[in-house]
file protein20.cif (mmCIF, C-alpha atoms and all ligand atoms)
data_run
#
loop_
_atom_site.label_atom_id
_atom_site.label_comp_id
_atom_site.auth_asym_id
_atom_site.auth_seq_id
_atom_site.Cartn_x
_atom_site.Cartn_y
_atom_site.Cartn_z
CA MET A 6 34.50 5.03 -58.29
CA ASN A 7 37.86 6.70 -58.23
CA ARG A 8 39.01 9.26 -60.75
CA ARG A 9 41.15 6.81 -62.74
CA ARG A 10 38.30 4.30 -63.13
CA LEU A 11 35.95 7.10 -64.14
CA LEU A 12 38.34 8.27 -66.88
CA VAL A 13 38.78 4.71 -68.20
CA TRP A 14 35.01 4.21 -68.18
CA LEU A 15 34.45 7.50 -70.03
CA GLY A 16 37.17 6.59 -72.51
CA TRP A 17 35.51 3.28 -73.43
CA GLY A 18 32.19 5.09 -73.72
CA SER A 19 33.72 7.50 -76.22
CA VAL A 20 35.16 4.65 -78.26
CA GLY A 21 31.73 2.97 -78.28
CA ALA A 22 30.00 6.16 -79.41
CA TRP A 23 32.62 6.65 -82.13
CA LEU A 24 32.18 3.07 -83.41
CA SER A 25 28.41 3.48 -83.33
CA GLY A 26 28.73 6.62 -85.45
CA ILE A 27 30.97 4.84 -87.97
CA ALA A 28 28.49 1.94 -88.15
CA SER A 29 25.56 4.26 -88.82
CA LEU A 30 27.56 6.03 -91.53
CA LEU A 31 28.33 2.71 -93.22
CA THR A 32 24.73 1.47 -93.03
CA GLY A 33 23.56 4.82 -94.38
CA CYS A 34 25.55 4.10 -97.54
CA ALA A 35 24.37 0.52 -97.83
CA PRO A 36 21.05 -0.42 -99.45
CA LYS A 37 18.12 -0.37 -97.04
CA SER A 38 16.72 -3.70 -95.98
CA GLY A 39 14.99 -5.39 -98.91
CA GLU A 40 16.60 -3.19 -101.54
CA ASP A 41 19.06 -4.30 -104.19
CA ALA A 42 22.34 -2.50 -104.89
CA GLU A 43 20.56 -0.02 -107.19
CA GLY A 44 17.97 0.91 -104.55
CA PHE A 45 15.07 -1.04 -106.09
CA ALA A 46 12.77 -2.96 -103.76
CA ARG A 47 10.51 -5.87 -104.69
CA PHE A 48 6.97 -4.57 -105.11
CA VAL A 49 4.82 -7.42 -106.45
CA ASN A 50 4.89 -10.64 -108.43
CA LEU A 51 3.92 -10.13 -112.09
CA ALA A 52 1.24 -12.85 -111.97
CA VAL A 53 -0.40 -11.12 -108.99
CA LEU A 54 -0.28 -7.77 -110.81
CA ASP A 55 -1.81 -9.26 -113.95
CA GLU A 56 -4.54 -10.96 -111.96
CA SER A 57 -5.68 -7.82 -110.17
CA GLY A 58 -4.79 -5.18 -112.79
CA PHE A 59 -3.08 -2.90 -110.30
CA ILE A 60 -1.38 -3.08 -106.93
CA LEU A 61 -1.48 -0.37 -104.27
CA GLN A 62 0.97 -0.37 -101.38
CA ASP A 63 0.12 2.20 -98.74
CA PHE A 64 3.56 2.64 -97.28
CA PHE A 65 5.99 1.68 -100.03
CA ALA A 66 7.54 5.11 -100.30
CA LYS A 67 6.69 7.97 -98.01
CA ASP A 68 3.31 7.98 -99.77
CA PRO A 69 1.13 5.24 -101.25
CA VAL A 70 2.33 3.84 -104.59
CA ILE A 71 0.28 2.17 -107.35
CA VAL A 72 1.84 -0.13 -109.95
CA VAL A 73 0.12 -0.89 -113.29
CA ARG A 74 1.08 -2.34 -116.65
CA ASP A 75 0.90 0.13 -119.52
CA PRO A 76 -2.19 -0.87 -121.52
CA ALA A 77 -0.47 0.21 -124.77
CA ASP A 78 2.73 -1.74 -124.09
CA LYS A 79 2.48 -4.71 -121.73
CA ASN A 80 6.25 -4.73 -121.30
CA VAL A 81 6.16 -1.35 -119.56
CA ILE A 82 5.34 -1.12 -115.87
CA HIS A 83 4.44 2.21 -114.27
CA ALA A 84 4.72 3.10 -110.59
CA VAL A 85 3.09 6.35 -109.49
CA ASN A 86 2.48 8.17 -106.25
CA ALA A 87 -1.20 7.51 -105.57
CA LEU A 88 -1.80 10.93 -104.00
CA CYS A 89 -3.51 13.36 -106.36
CA THR A 90 -1.47 16.49 -107.00
CA HIS A 91 -4.54 18.68 -106.43
CA GLN A 92 -5.42 18.08 -102.77
CA GLN A 93 -3.82 14.71 -102.00
CA CYS A 94 -6.83 12.38 -102.36
CA LEU A 95 -6.03 8.77 -103.22
CA VAL A 96 -6.46 8.18 -106.97
CA ASN A 97 -8.11 5.03 -108.33
CA TRP A 98 -6.96 2.98 -111.32
CA GLN A 99 -9.74 2.48 -113.88
CA GLN A 100 -8.63 -0.46 -115.96
CA ASP A 101 -11.39 -0.13 -118.59
CA LYS A 102 -10.45 3.50 -119.36
CA ALA A 103 -6.73 3.05 -118.64
CA VAL A 104 -6.55 6.15 -116.45
CA PHE A 105 -6.08 7.12 -112.85
CA VAL A 106 -9.12 9.03 -111.59
CA CYS A 107 -9.29 11.12 -108.46
CA PRO A 108 -12.60 10.55 -106.66
CA CYS A 109 -12.51 13.94 -104.91
CA HIS A 110 -12.71 16.41 -107.81
CA GLY A 111 -12.34 14.29 -110.95
CA SER A 112 -8.77 14.88 -112.08
CA THR A 113 -7.50 12.19 -114.44
CA PHE A 114 -3.97 10.98 -115.16
CA ALA A 115 -2.47 8.69 -117.80
CA PRO A 116 -0.94 5.32 -116.82
CA ASP A 117 2.49 6.98 -116.73
CA GLY A 118 1.14 9.60 -114.30
CA LYS A 119 0.89 12.43 -116.84
CA TYR A 120 -1.81 14.97 -116.12
CA LEU A 121 -4.83 14.67 -118.46
CA GLN A 122 -7.60 16.70 -116.86
CA GLY A 123 -7.93 19.04 -113.84
CA PRO A 124 -8.47 20.59 -111.45
CA ALA A 125 -5.03 19.09 -110.70
CA LYS A 126 -2.37 20.89 -112.72
CA ALA A 127 0.60 18.57 -112.27
CA ALA A 128 1.42 14.96 -113.10
CA LEU A 129 1.56 12.23 -110.50
CA GLN A 130 5.04 11.57 -109.15
CA THR A 131 6.58 8.54 -110.84
CA PHE A 132 9.16 5.99 -109.72
CA PRO A 133 11.57 3.87 -111.81
CA THR A 134 10.57 0.22 -112.23
CA LYS A 135 12.21 -2.96 -113.45
CA ILE A 136 11.27 -6.60 -113.84
CA HIS A 137 13.52 -9.16 -112.21
CA GLU A 138 12.72 -12.88 -111.91
CA ASP A 139 8.96 -12.46 -112.47
CA ASP A 140 8.70 -9.68 -109.92
CA VAL A 141 8.18 -5.94 -110.31
CA TRP A 142 10.77 -3.88 -108.48
CA VAL A 143 10.34 -0.18 -107.77
CA LYS A 144 12.88 2.41 -106.77
CA ALA A 145 11.41 4.85 -104.30
CA ASP A 146 13.15 7.98 -103.09
S1 LIG A 201 -7.85 16.09 -104.83
FE1 LIG A 201 -7.77 15.12 -106.73
S2 LIG A 201 -8.87 16.40 -108.03
FE2 LIG A 201 -8.95 17.40 -106.13
#
call {"tool": "encode", "arguments": {"input": "protein20.cif", "output": "structure tokens"}}
result
Amino acid sequence: MNRRRLLVWLGWGSVGAWLSGIASLLTGCAPKSGEDAEGFARFVNLAVLDESGFILQDFFAKDPVIVVRDPADKNVIHAVNALCTHQQCLVNWQQDKAVFVCPCHGSTFAPDGKYLQGPAKAALQTFPTKIHEDDVWVKAD
């Protein structure tokens, strides 16, 4: 390869790298795959949620997320990070008591993730939810 061909080849490589960078910038601004324009992603069908009482998705956000209906107001859907704020055990939803309970040391949390009883001292992380066409949508980070 002579010098001229090498320079042309390097020039096209630079253009390609530049276009690739522009493309990644544009896709970084666009919603991720499966998300709407507001950043919500479909989580579960309402009928499925009502049948099972709660839905856990292990890898919805960076951490597992549980979705439940608020027992006091069926029109309200809560999505919480399922990792206990004490030492990161996976909390369980207890439908009959309407609380999240940590099996490791007994912390309890309200349906909206608020801290009720320790040893955890902080609420569960929560995520915005919405209902669209009979599905629950959740906005993760
Ligand atoms: S890890 Fe949940 S109470 Fe300790």
call {"tool": "residues_near_ligand", "arguments": {"input": "protein20.cif", "ligand": "ligand LIG 201 (chain A)", "cutoff": "8 Å", "atoms": "all atoms listed in the file", "output": "list in words"}}
result
Leu88, Cys89, Thr90, His91, Gln92, Gln93, Cys94, Leu95, Val96, Val106, Cys107, Pro108, Cys109, His110, Gly111, Ser112, Thr113, Gly123, Pro124 and Ala125 of chain A
call {"tool": "residues_around", "arguments": {"input": "protein20.cif", "residues": "Asp68 (chain A)", "least_positions_apart": "5", "cutoff": "8 Å", "atoms": "all atoms listed in the file", "output": "MDAnalysis selection string"}}
result
chainID A and resid 63 86:88
call {"tool": "atom_distance", "arguments": {"input": "protein20.cif", "atom1": "CA of Gln62 (chain A)", "atom2": "CA of His137 (chain A)"}}
result
18.8 Å
call {"tool": "residues_near_point", "arguments": {"input": "protein20.cif", "point": "(8.6, -3.1, -120.7)", "cutoff": "12 Å", "atoms": "all atoms listed in the file", "output": "PyMOL selection string"}}
result
chain A and resi 73-83+133-137+141
call {"tool": "residues_around", "arguments": {"input": "protein20.cif", "residues": "Phe48 (chain A)", "least_positions_apart": "4", "cutoff": "8 Å", "atoms": "all atoms listed in the file", "output": "PyMOL selection string"}}
result
chain A and resi 140-143
call {"tool": "closest_residue", "arguments": {"input": "protein20.cif", "among": "A:Ala52, A:Val72, A:Trp98, A:Ile60", "to": "Thr131 (chain A)", "atoms": "only C-alpha atoms"}}
result
A:Val72
call {"tool": "atom_distance", "arguments": {"input": "protein20.cif", "atom1": "CA of Ala145 (chain A)", "atom2": "CA of Phe45 (chain A)"}}
result
7.2 Å
call {"tool": "atom_distance", "arguments": {"input": "protein20.cif", "atom1": "CA of Ser57 (chain A)", "atom2": "CA of Asp41 (chain A)"}}
result
25.7 Å
call {"tool": "closest_residue", "arguments": {"input": "protein20.cif", "among": "A:Val49, A:Ala42, A:Ala128, A:Glu56", "to": "Gln100 (chain A)", "atoms": "all atoms listed in the file"}}
result
A:Glu56
call {"tool": "residues_around", "arguments": {"input": "protein20.cif", "residues": "Val85 (chain A)", "least_positions_apart": "5", "cutoff": "9 Å", "atoms": "only C-alpha atoms", "output": "ChimeraX atom specification"}}
result
/A:69-73,116-118,129-132
